[in-house]
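Data file: coords-v8.txt. Format and content: compact mmCIF, C-alpha atoms.
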```txt
# COMPACT_ATOMS: atom_id res chain seq x y z
CA MET A 1 10.24 -21.59 69.70
CA GLU A 2 12.43 -18.58 68.94
CA CYS A 3 14.31 -20.62 66.41
CA GLY A 4 11.00 -21.58 64.66
CA LYS A 5 9.92 -17.89 64.39
CA LEU A 6 13.22 -16.97 62.79
CA LYS A 7 12.82 -19.76 60.20
CA ARG A 8 9.36 -18.42 59.22
CA HIS A 9 10.74 -14.88 58.76
CA GLY A 10 13.53 -16.18 56.53
CA GLY A 11 10.97 -18.07 54.45
CA LEU A 12 8.97 -14.89 53.84
CA LEU A 13 12.07 -13.03 52.65
CA ILE A 14 12.89 -15.81 50.17
CA GLU A 15 9.29 -15.82 48.87
CA VAL A 16 9.37 -12.06 48.34
CA ILE A 17 12.77 -12.24 46.61
CA ILE A 18 11.53 -15.01 44.29
CA SER A 19 8.36 -13.01 43.51
CA ILE A 20 10.40 -9.90 42.70
CA PHE A 21 12.78 -11.99 40.58
CA ILE A 22 9.92 -13.47 38.51
CA PHE A 23 8.32 -10.04 38.19
CA THR A 24 11.63 -8.53 37.03
CA ILE A 25 12.05 -11.23 34.38
CA GLY A 26 8.52 -10.51 33.09
CA ILE A 27 9.15 -6.76 33.00
CA LEU A 28 12.48 -7.24 31.18
CA ALA A 29 10.83 -9.48 28.59
CA LEU A 30 8.05 -6.94 28.03
CA THR A 31 10.53 -4.06 27.86
CA SER A 32 12.59 -5.79 25.20
CA THR A 33 9.39 -6.52 23.24
CA MET A 34 8.40 -2.86 23.45
CA LEU A 35 11.86 -1.68 22.37
CA TYR A 36 11.74 -4.07 19.42
CA SER A 37 8.26 -2.75 18.51
CA LEU A 38 9.54 0.83 18.65
CA LYS A 39 12.47 -0.08 16.39
CA ILE A 40 10.11 -1.66 13.86
CA VAL A 41 7.78 1.36 13.95
CA ALA A 42 10.75 3.72 13.37
CA GLN A 43 11.94 1.62 10.41
CA SER A 44 8.40 1.51 9.05
CA ARG A 45 8.23 5.30 9.20
CA GLY A 46 11.37 5.61 7.04
CA VAL A 47 10.03 3.18 4.46
CA THR A 48 6.64 4.92 4.39
CA VAL A 49 8.30 8.29 3.72
CA SER A 50 10.40 6.81 0.89
CA GLU A 51 7.36 5.09 -0.55
CA GLN A 52 5.35 8.30 -0.46
CA GLY A 53 8.20 10.05 -2.31
CA LEU A 54 8.08 7.35 -4.96
CA ILE A 55 4.30 7.71 -5.34
CA ASN A 56 4.72 11.49 -5.62
CA ASN A 57 7.22 11.01 -8.48
CA ALA A 58 4.81 8.76 -10.35
CA GLU A 59 1.93 11.17 -9.71
CA ILE A 60 3.95 14.18 -10.94
CA ASP A 61 4.98 12.32 -14.12
CA LEU A 62 1.39 11.26 -14.72
CA LEU A 63 0.15 14.83 -14.27
CA ASN A 64 2.83 16.13 -16.65
CA MET A 65 1.76 13.62 -19.29
CA THR A 66 -1.92 14.43 -18.77
CA VAL A 67 -1.48 18.21 -18.89
CA GLU A 68 1.35 18.67 -21.40
CA HIS A 69 0.72 15.77 -23.83
CA ASP A 70 4.39 16.08 -24.75
CA ILE A 71 5.51 12.98 -26.63
CA ASN A 72 9.16 13.78 -25.83
CA PHE A 73 8.56 13.90 -22.07
CA SER A 74 10.74 11.40 -20.25
CA PRO A 75 9.28 10.00 -17.00
CA SER A 76 11.61 9.62 -14.00
CA GLY A 77 10.76 5.92 -13.62
CA THR A 78 12.70 3.05 -15.15
CA SER A 79 11.54 1.95 -18.59
CA ILE A 80 11.01 -1.81 -18.33
CA ALA A 81 9.15 -2.68 -21.53
CA SER A 82 8.16 -1.42 -24.95
CA ASP A 83 4.93 -3.02 -26.04
CA ILE A 84 1.72 -2.55 -28.04
CA ILE A 85 -1.99 -2.76 -27.32
CA LEU A 86 -4.19 -4.07 -30.11
CA MET A 87 -6.84 -1.37 -29.86
CA ASN A 88 -9.42 -2.77 -32.23
CA LYS A 89 -10.50 -6.41 -32.04
CA ASN A 90 -11.83 -6.11 -35.60
CA ASP A 91 -8.71 -4.52 -37.06
CA SER A 92 -5.32 -5.77 -35.92
CA SER A 93 -3.52 -2.90 -37.64
CA LYS A 94 -4.90 -0.40 -35.09
CA THR A 95 -2.39 -0.38 -32.30
CA LEU A 96 -1.26 1.80 -29.44
CA LEU A 97 2.50 1.75 -28.91
CA PHE A 98 3.65 2.33 -25.36
CA ASN A 99 6.54 2.16 -22.92
CA LEU A 100 5.96 0.79 -19.43
CA TYR A 101 7.73 2.68 -16.65
CA ARG A 102 8.32 1.31 -13.17
CA TYR A 103 8.79 3.26 -9.91
CA LYS A 104 10.12 1.01 -7.20
CA LEU A 105 11.94 1.00 -3.86
CA ASP A 106 14.81 -1.48 -3.85
CA ASN A 107 14.38 -2.36 -0.18
CA LYS A 108 10.64 -3.02 -0.17
CA LYS A 109 8.81 -5.74 -2.02
CA GLY A 110 5.44 -4.79 -3.46
CA SER A 111 6.20 -1.07 -3.63
CA ALA A 112 6.28 -0.88 -7.44
CA MET A 113 4.09 1.58 -9.34
CA TYR A 114 3.62 1.47 -13.09
CA VAL A 115 2.90 4.17 -15.64
CA ILE A 116 2.19 3.72 -19.35
CA LYS A 117 3.46 6.30 -21.81
CA ARG A 118 2.57 6.44 -25.46
CA ARG A 119 5.41 6.26 -27.98
CA VAL A 120 5.22 7.02 -31.66
CA SER A 121 8.06 5.00 -33.14
CA PRO A 122 8.52 1.21 -32.86
CA MET B 1 2.31 -12.26 68.74
CA SER B 2 3.24 -15.23 66.63
CA GLU B 3 -0.28 -15.52 65.03
CA LYS B 4 -0.32 -11.78 64.21
CA THR B 5 3.04 -12.02 62.43
CA THR B 6 1.84 -14.96 60.26
CA ARG B 7 -1.36 -13.12 59.13
CA HIS B 8 0.63 -10.00 58.25
CA SER B 9 3.19 -11.99 56.21
CA GLY B 10 0.47 -13.62 54.10
CA ALA B 11 -1.13 -10.26 53.30
CA ALA B 12 2.17 -8.76 52.15
CA LEU B 13 2.87 -11.66 49.83
CA LEU B 14 -0.65 -11.53 48.41
CA ALA B 15 -0.36 -7.77 47.83
CA ILE B 16 2.96 -8.17 46.00
CA VAL B 17 1.54 -10.89 43.75
CA LEU B 18 -1.66 -8.94 43.03
CA VAL B 19 0.14 -5.66 42.29
CA SER B 20 2.63 -7.49 40.08
CA PHE B 21 -0.22 -9.16 38.22
CA VAL B 22 -2.03 -5.85 37.65
CA VAL B 23 1.13 -4.06 36.46
CA LEU B 24 2.09 -6.89 34.10
CA SER B 25 -1.46 -7.01 32.71
CA LEU B 26 -1.46 -3.26 32.03
CA VAL B 27 1.95 -3.31 30.33
CA SER B 28 0.90 -6.35 28.24
CA ALA B 29 -2.31 -4.60 27.20
CA VAL B 30 -0.35 -1.53 26.07
CA VAL B 31 2.12 -3.63 24.04
CA MET B 32 -0.66 -5.65 22.43
CA ASN B 33 -2.56 -2.49 21.55
CA ILE B 34 0.50 -0.96 19.86
CA ALA B 35 1.12 -4.14 17.86
CA TRP B 36 -2.56 -4.35 16.83
CA GLN B 37 -2.63 -0.73 15.65
CA ALA B 38 0.60 -1.22 13.68
CA LEU B 39 -0.88 -4.27 11.95
CA ARG B 40 -4.07 -2.37 11.09
CA VAL B 41 -2.11 0.51 9.54
CA GLU B 42 0.05 -1.92 7.57
CA ALA B 43 -3.02 -3.77 6.20
CA TRP B 44 -4.69 -0.49 5.20
CA GLN B 45 -1.50 0.72 3.53
CA THR B 46 -1.10 -2.48 1.50
CA GLY B 47 -4.67 -2.31 0.19
CA HIS B 48 -4.36 1.40 -0.55
CA ILE B 49 -1.11 1.00 -2.51
CA GLU B 50 -2.56 -1.82 -4.60
CA THR B 51 -5.52 0.36 -5.60
CA LYS B 52 -3.17 3.24 -6.40
CA ARG B 53 -1.00 0.97 -8.56
CA LEU B 54 -4.00 -0.09 -10.64
CA ASP B 55 -5.27 3.50 -10.78
CA TYR B 56 -1.98 4.77 -12.25
CA ILE B 57 -1.98 2.09 -14.95
CA ALA B 58 -5.61 2.84 -15.85
CA ARG B 59 -5.09 6.62 -15.90
CA SER B 60 -1.87 6.50 -17.91
CA ALA B 61 -3.37 4.02 -20.41
CA ALA B 62 -6.44 6.23 -20.89
CA ASN B 63 -4.13 9.23 -21.29
CA ALA B 64 -2.07 7.41 -23.93
CA ALA B 65 -5.24 6.56 -25.86
CA ALA B 66 -6.49 10.16 -25.47
CA GLU B 67 -3.20 11.52 -26.85
CA ALA B 68 -3.48 9.26 -29.89
CA LEU B 69 -7.13 10.22 -30.46
CA SER B 70 -6.33 13.92 -30.09
CA SER B 71 -3.79 13.71 -32.88
CA ASP B 72 -5.99 11.56 -35.12
CA ALA B 73 -9.64 10.89 -34.25
CA ALA B 74 -9.79 7.83 -36.49
CA CYS B 75 -6.48 6.30 -35.48
CA PHE B 76 -8.18 3.26 -33.91
CA GLY B 77 -10.96 3.03 -36.51
CA PRO B 78 -14.19 5.00 -37.00
CA LEU B 79 -15.72 6.14 -33.69
CA THR B 80 -19.21 4.74 -33.08
CA GLN B 81 -21.59 4.34 -30.16
CA VAL B 82 -21.03 0.57 -30.34
CA GLY B 83 -17.43 1.22 -29.43
CA ILE B 84 -13.94 0.04 -30.23
CA THR B 85 -12.71 -2.61 -27.83
CA SER B 86 -9.07 -3.49 -27.31
CA VAL B 87 -7.63 -6.96 -26.95
CA THR B 88 -6.91 -7.53 -23.24
CA LYS B 89 -3.32 -6.54 -22.53
CA GLU B 90 -1.43 -8.27 -19.75
CA ILE B 91 0.90 -5.99 -17.81
CA ILE B 92 3.47 -8.31 -16.26
CA ASP B 93 6.48 -7.50 -14.07
CA GLY B 94 7.83 -10.27 -11.82
CA ASP B 95 5.01 -11.44 -9.56
CA PHE B 96 2.75 -8.59 -10.60
CA LYS B 97 0.19 -9.25 -13.32
CA ALA B 98 -2.73 -7.05 -14.36
CA ASP B 99 -5.18 -7.11 -17.25
CA LEU B 100 -5.80 -3.88 -19.13
CA ASP B 101 -8.88 -3.29 -21.30
CA ILE B 102 -9.61 -0.09 -23.19
CA THR B 103 -12.94 0.79 -24.81
CA ILE B 104 -13.57 3.87 -26.93
CA LYS B 105 -17.06 5.07 -27.83
CA GLY B 106 -18.33 8.24 -29.43
CA ASN B 107 -18.35 10.24 -32.63
CA THR B 108 -16.21 12.83 -34.34
CA SER B 109 -17.11 15.53 -31.80
CA LYS B 110 -16.92 13.59 -28.54
CA ALA B 111 -15.13 10.40 -27.56
CA GLU B 112 -15.33 8.47 -24.30
CA ILE B 113 -12.36 6.32 -23.32
CA THR B 114 -12.88 3.70 -20.61
CA SER B 115 -9.76 2.09 -19.21
CA LYS B 116 -10.20 -0.88 -16.88
CA VAL B 117 -7.39 -2.60 -14.99
CA SER B 118 -8.00 -5.75 -12.96
CA ILE B 119 -5.91 -8.28 -11.06
CA ASP B 120 -6.49 -11.93 -10.15
CA SER B 121 -7.64 -11.11 -6.61
CA GLY B 122 -10.71 -9.46 -8.14
CA LYS B 123 -9.68 -5.88 -7.42
CA LYS B 124 -10.27 -3.56 -10.37
CA VAL B 125 -10.06 0.13 -11.19
CA THR B 126 -11.90 1.90 -13.99
CA VAL B 127 -11.10 5.37 -15.30
CA LYS B 128 -13.10 7.36 -17.85
CA ALA B 129 -11.88 10.19 -20.03
CA VAL B 130 -14.23 12.16 -22.26
CA ILE B 131 -12.54 14.15 -25.04
CA ASP B 132 -14.32 17.12 -26.53
CA MET B 133 -13.00 16.99 -30.10
CA ALA B 134 -15.06 19.97 -31.27
CA VAL B 135 -13.01 22.58 -29.41
CA SER B 136 -9.42 23.60 -29.88
CA PRO B 137 -7.35 22.73 -27.94
CA LYS B 138 -9.19 19.50 -27.23
CA THR B 139 -10.30 19.20 -23.62
CA ILE B 140 -10.40 16.01 -21.59
CA THR B 141 -12.74 15.45 -18.66
CA TRP B 142 -11.61 12.75 -16.25
CA SER B 143 -13.72 10.67 -13.92
CA ALA B 144 -13.51 7.45 -11.95
CA GLY B 145 -15.97 5.00 -13.43
CA ASN B 146 -17.42 1.69 -12.24
```

Could you take the file, read its structure, and then write that structure out as structure tokens?
Amino acid sequence: MECGKLKRHGGLLIEVIISIFIFTIGILALTSTMLYSLKIVAQSRGVTVSEQGLINNAEIDLLNMTVEHDINFSPSGTSIASDIILMNKNDSSKTLLFNLYRYKLDNKKGSAMYVIKRRVSP
Amino acid sequence: MSEKTTRHSGAALLAIVLVSFVVLSLVSAVVMNIAWQALRVEAWQTGHIETKRLDYIARSAANAAAEALSSDAACFGPLTQVGITSVTKEIIDGDFKADLDITIKGNTSKAEITSKVSIDSGKKVTVKAVIDMAVSPKTITWSAGN
């Protein structure tokens, strides 16, 4: 009888240890998920700040062009194309010459902004 | 004594399991909430940046046309209320593609430039610029059109 009681007590201890073990595994898995989430959020913050800086540059250039109307103004973006717009469907000689400028973060896809600037010479 | 010990053991095990379940549920809910909020912010940001991208193209195109008109009012042909319409210009860079249309209406004293930029997904941005040609220096009034 005494021997049987001892067996039952040992069984309870093993059950509790197994429960705690499973619980610990779950907590560790969730903790690693949370740490990974925090890392992603921190990285995202850095990219958002850089992206906002890029947008500010494009906005400042656009404001300069709008206010100054200086044909010699050089935007801070990268010139990626020189092109024309046929401005009058009825008269193909009426054109608007322009350069296309791009503002882009190298490490983020889809961050590009574009600004058109008029040019006078071909 | 033996029966009492058995009842007590069962209750302890049940309590451990229940408390563990509640704690795990709470932690899971917090993690899921953080992930959901992050996804929402990301989706909003993507949509917002796309609109801004189109807005910059539309504004700068209207500004380029306004500059040309300010220097020569008839540079794109005589200004009429019917309007001068451009041939649709495709702005292409890698995967990005947008269509730009410019319309100019008016007369020798006032010209209205409408610049519309659209992409394949259906999103579009329209910007209007009205140039008062009668005053010197010429003034431009900007507005977001539809």

What are the nearest atom pairs, with distances in Å to one decimal, for all residues of chain A that come at most 6 Å from chain B, using only C-alpha atoms, set out by chain and rising residue number as a Markdown table?
```
| residue | atom | partner | partner_atom | distance |
| --- | --- | --- | --- | --- |
| A:Leu86 | CA | B:Val87 | CA | 5.5 |
| A:Met87 | CA | B:Ser86 | CA | 4.0 |
| A:Asn88 | CA | B:Ser86 | CA | 5.0 |
| A:Lys89 | CA | B:Ser86 | CA | 5.7 |
| A:Lys94 | CA | B:Phe76 | CA | 5.1 |
| A:Met113 | CA | B:Arg53 | CA | 5.2 |
| A:Tyr114 | CA | B:Ile57 | CA | 5.9 |
| A:Val115 | CA | B:Ile57 | CA | 5.3 |
| A:Ile116 | CA | B:Ser60 | CA | 5.1 |
| A:Arg118 | CA | B:Ala64 | CA | 5.0 |
```

Give me the residues near Gln52 in chain A as a PDB file with C-alpha atoms, in the coordinates of the input, where near means some atom within 12 Å (using all atoms listed in the file) and where sequence neighbours in that chain fewer than 5 positions away do not count.
```pdb
ATOM      1  CA  ARG A  45       8.230   5.300   9.200  1.00  0.00           C
ATOM      2  CA  GLY A  46      11.370   5.610   7.040  1.00  0.00           C
ATOM      3  CA  VAL A  47      10.030   3.180   4.460  1.00  0.00           C
ATOM      4  CA  ASN A  57       7.220  11.010  -8.480  1.00  0.00           C
ATOM      5  CA  ALA A  58       4.810   8.760 -10.350  1.00  0.00           C
ATOM      6  CA  GLU A  59       1.930  11.170  -9.710  1.00  0.00           C
ATOM      7  CA  TYR A 103       8.790   3.260  -9.910  1.00  0.00           C
ATOM      8  CA  LYS A 104      10.120   1.010  -7.200  1.00  0.00           C
ATOM      9  CA  LEU A 105      11.940   1.000  -3.860  1.00  0.00           C
ATOM     10  CA  SER A 111       6.200  -1.070  -3.630  1.00  0.00           C
ATOM     11  CA  ALA A 112       6.280  -0.880  -7.440  1.00  0.00           C
ATOM     12  CA  MET A 113       4.090   1.580  -9.340  1.00  0.00           C
TER      13      MET A 113
ATOM     14  CA  GLN B  45      -1.500   0.720   3.530  1.00  0.00           C
ATOM     15  CA  HIS B  48      -4.360   1.400  -0.550  1.00  0.00           C
ATOM     16  CA  ILE B  49      -1.110   1.000  -2.510  1.00  0.00           C
ATOM     17  CA  LYS B  52      -3.170   3.240  -6.400  1.00  0.00           C
TER      18      LYS B  52
END
```

Which residues, written as a PyMOL selection string, have at least one atom at most 12 Å from Asn33 in chain B, with only C-alpha atoms counted and residues fewer than 6 positions away on the same chain left out?
(chain A and resi 34+37) or (chain B and resi 26-27+39-40)

To one decimal in Å, tell me the separation between CA of Leu79 in chain B and CA of Glu112 in chain B.
9.7 Å

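A straight line drawn from CA of Val41 in chain B to CA of Ser50 in chain A is 16.5 Å long.
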
Can you pull out every residue within 7 Å of Ser109 in chain B, counting only C-alpha atoms, but drop anything in the same chain fewer than 2 positions away, and send it as a PyMOL selection string?
chain B and resi 107+111+132-134

If I take CA of Gly47 in chain B and CA of Ile85 in chain A, how far is one from the other in Å, to one decimal?
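Pair CA of Gly47 in chain B / CA of Ile85 in chain A returns 27.6 Å.
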
Point out the residue among B:Ala29, B:Leu14, B:Ala144, B:Ala73 with the least atom-to-atom distance to Lys124 in chain B, counting only C-alpha atoms.
B:Ala144

Could you tell me which of B:Lys97, B:Ala11, B:Thr114, B:Gly122 comes closest to Trp142 in chain B if we count only C-alpha atoms?
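Going through B:Lys97, B:Ala11, B:Thr114, B:Gly122 one by one, the smallest distance to Trp142 in chain B is for B:Thr114.
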
Given 3 Å on each side, where is the centre and what are the edge lengths in Å to one decimal of the axis-aligned box enclosing the listed atoms of range 102-106 of chain B, as JSON?
```
{"center_x": -14.0, "center_y": 4.1, "center_z": -26.3, "size_x": 14.7, "size_y": 14.3, "size_z": 12.2}
```

Within 12 Å of Phe23 in chain A, counting all atoms listed in the file, which residues show up once you throw out same-chain ones fewer than 2 positions away? Write them as a list in words, please.
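Final neighbour list, sorted by chain and number: Val16, Ile17, Ile18, Ser19, Ile20, Phe21, Ile25, Gly26, Ile27, Leu28, Ala29 and Leu30 of chain A; Ile16, Val17, Leu18, Val19, Ser20, Phe21, Val22, Val23, Leu24 and Ser25 of chain B.
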
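Compared by their closest atoms to Thr139 in chain B, and using all atoms listed in the file, the residues A:Ser121, A:Ser82, A:Thr66, A:Ser93 rank with A:Thr66 nearest.
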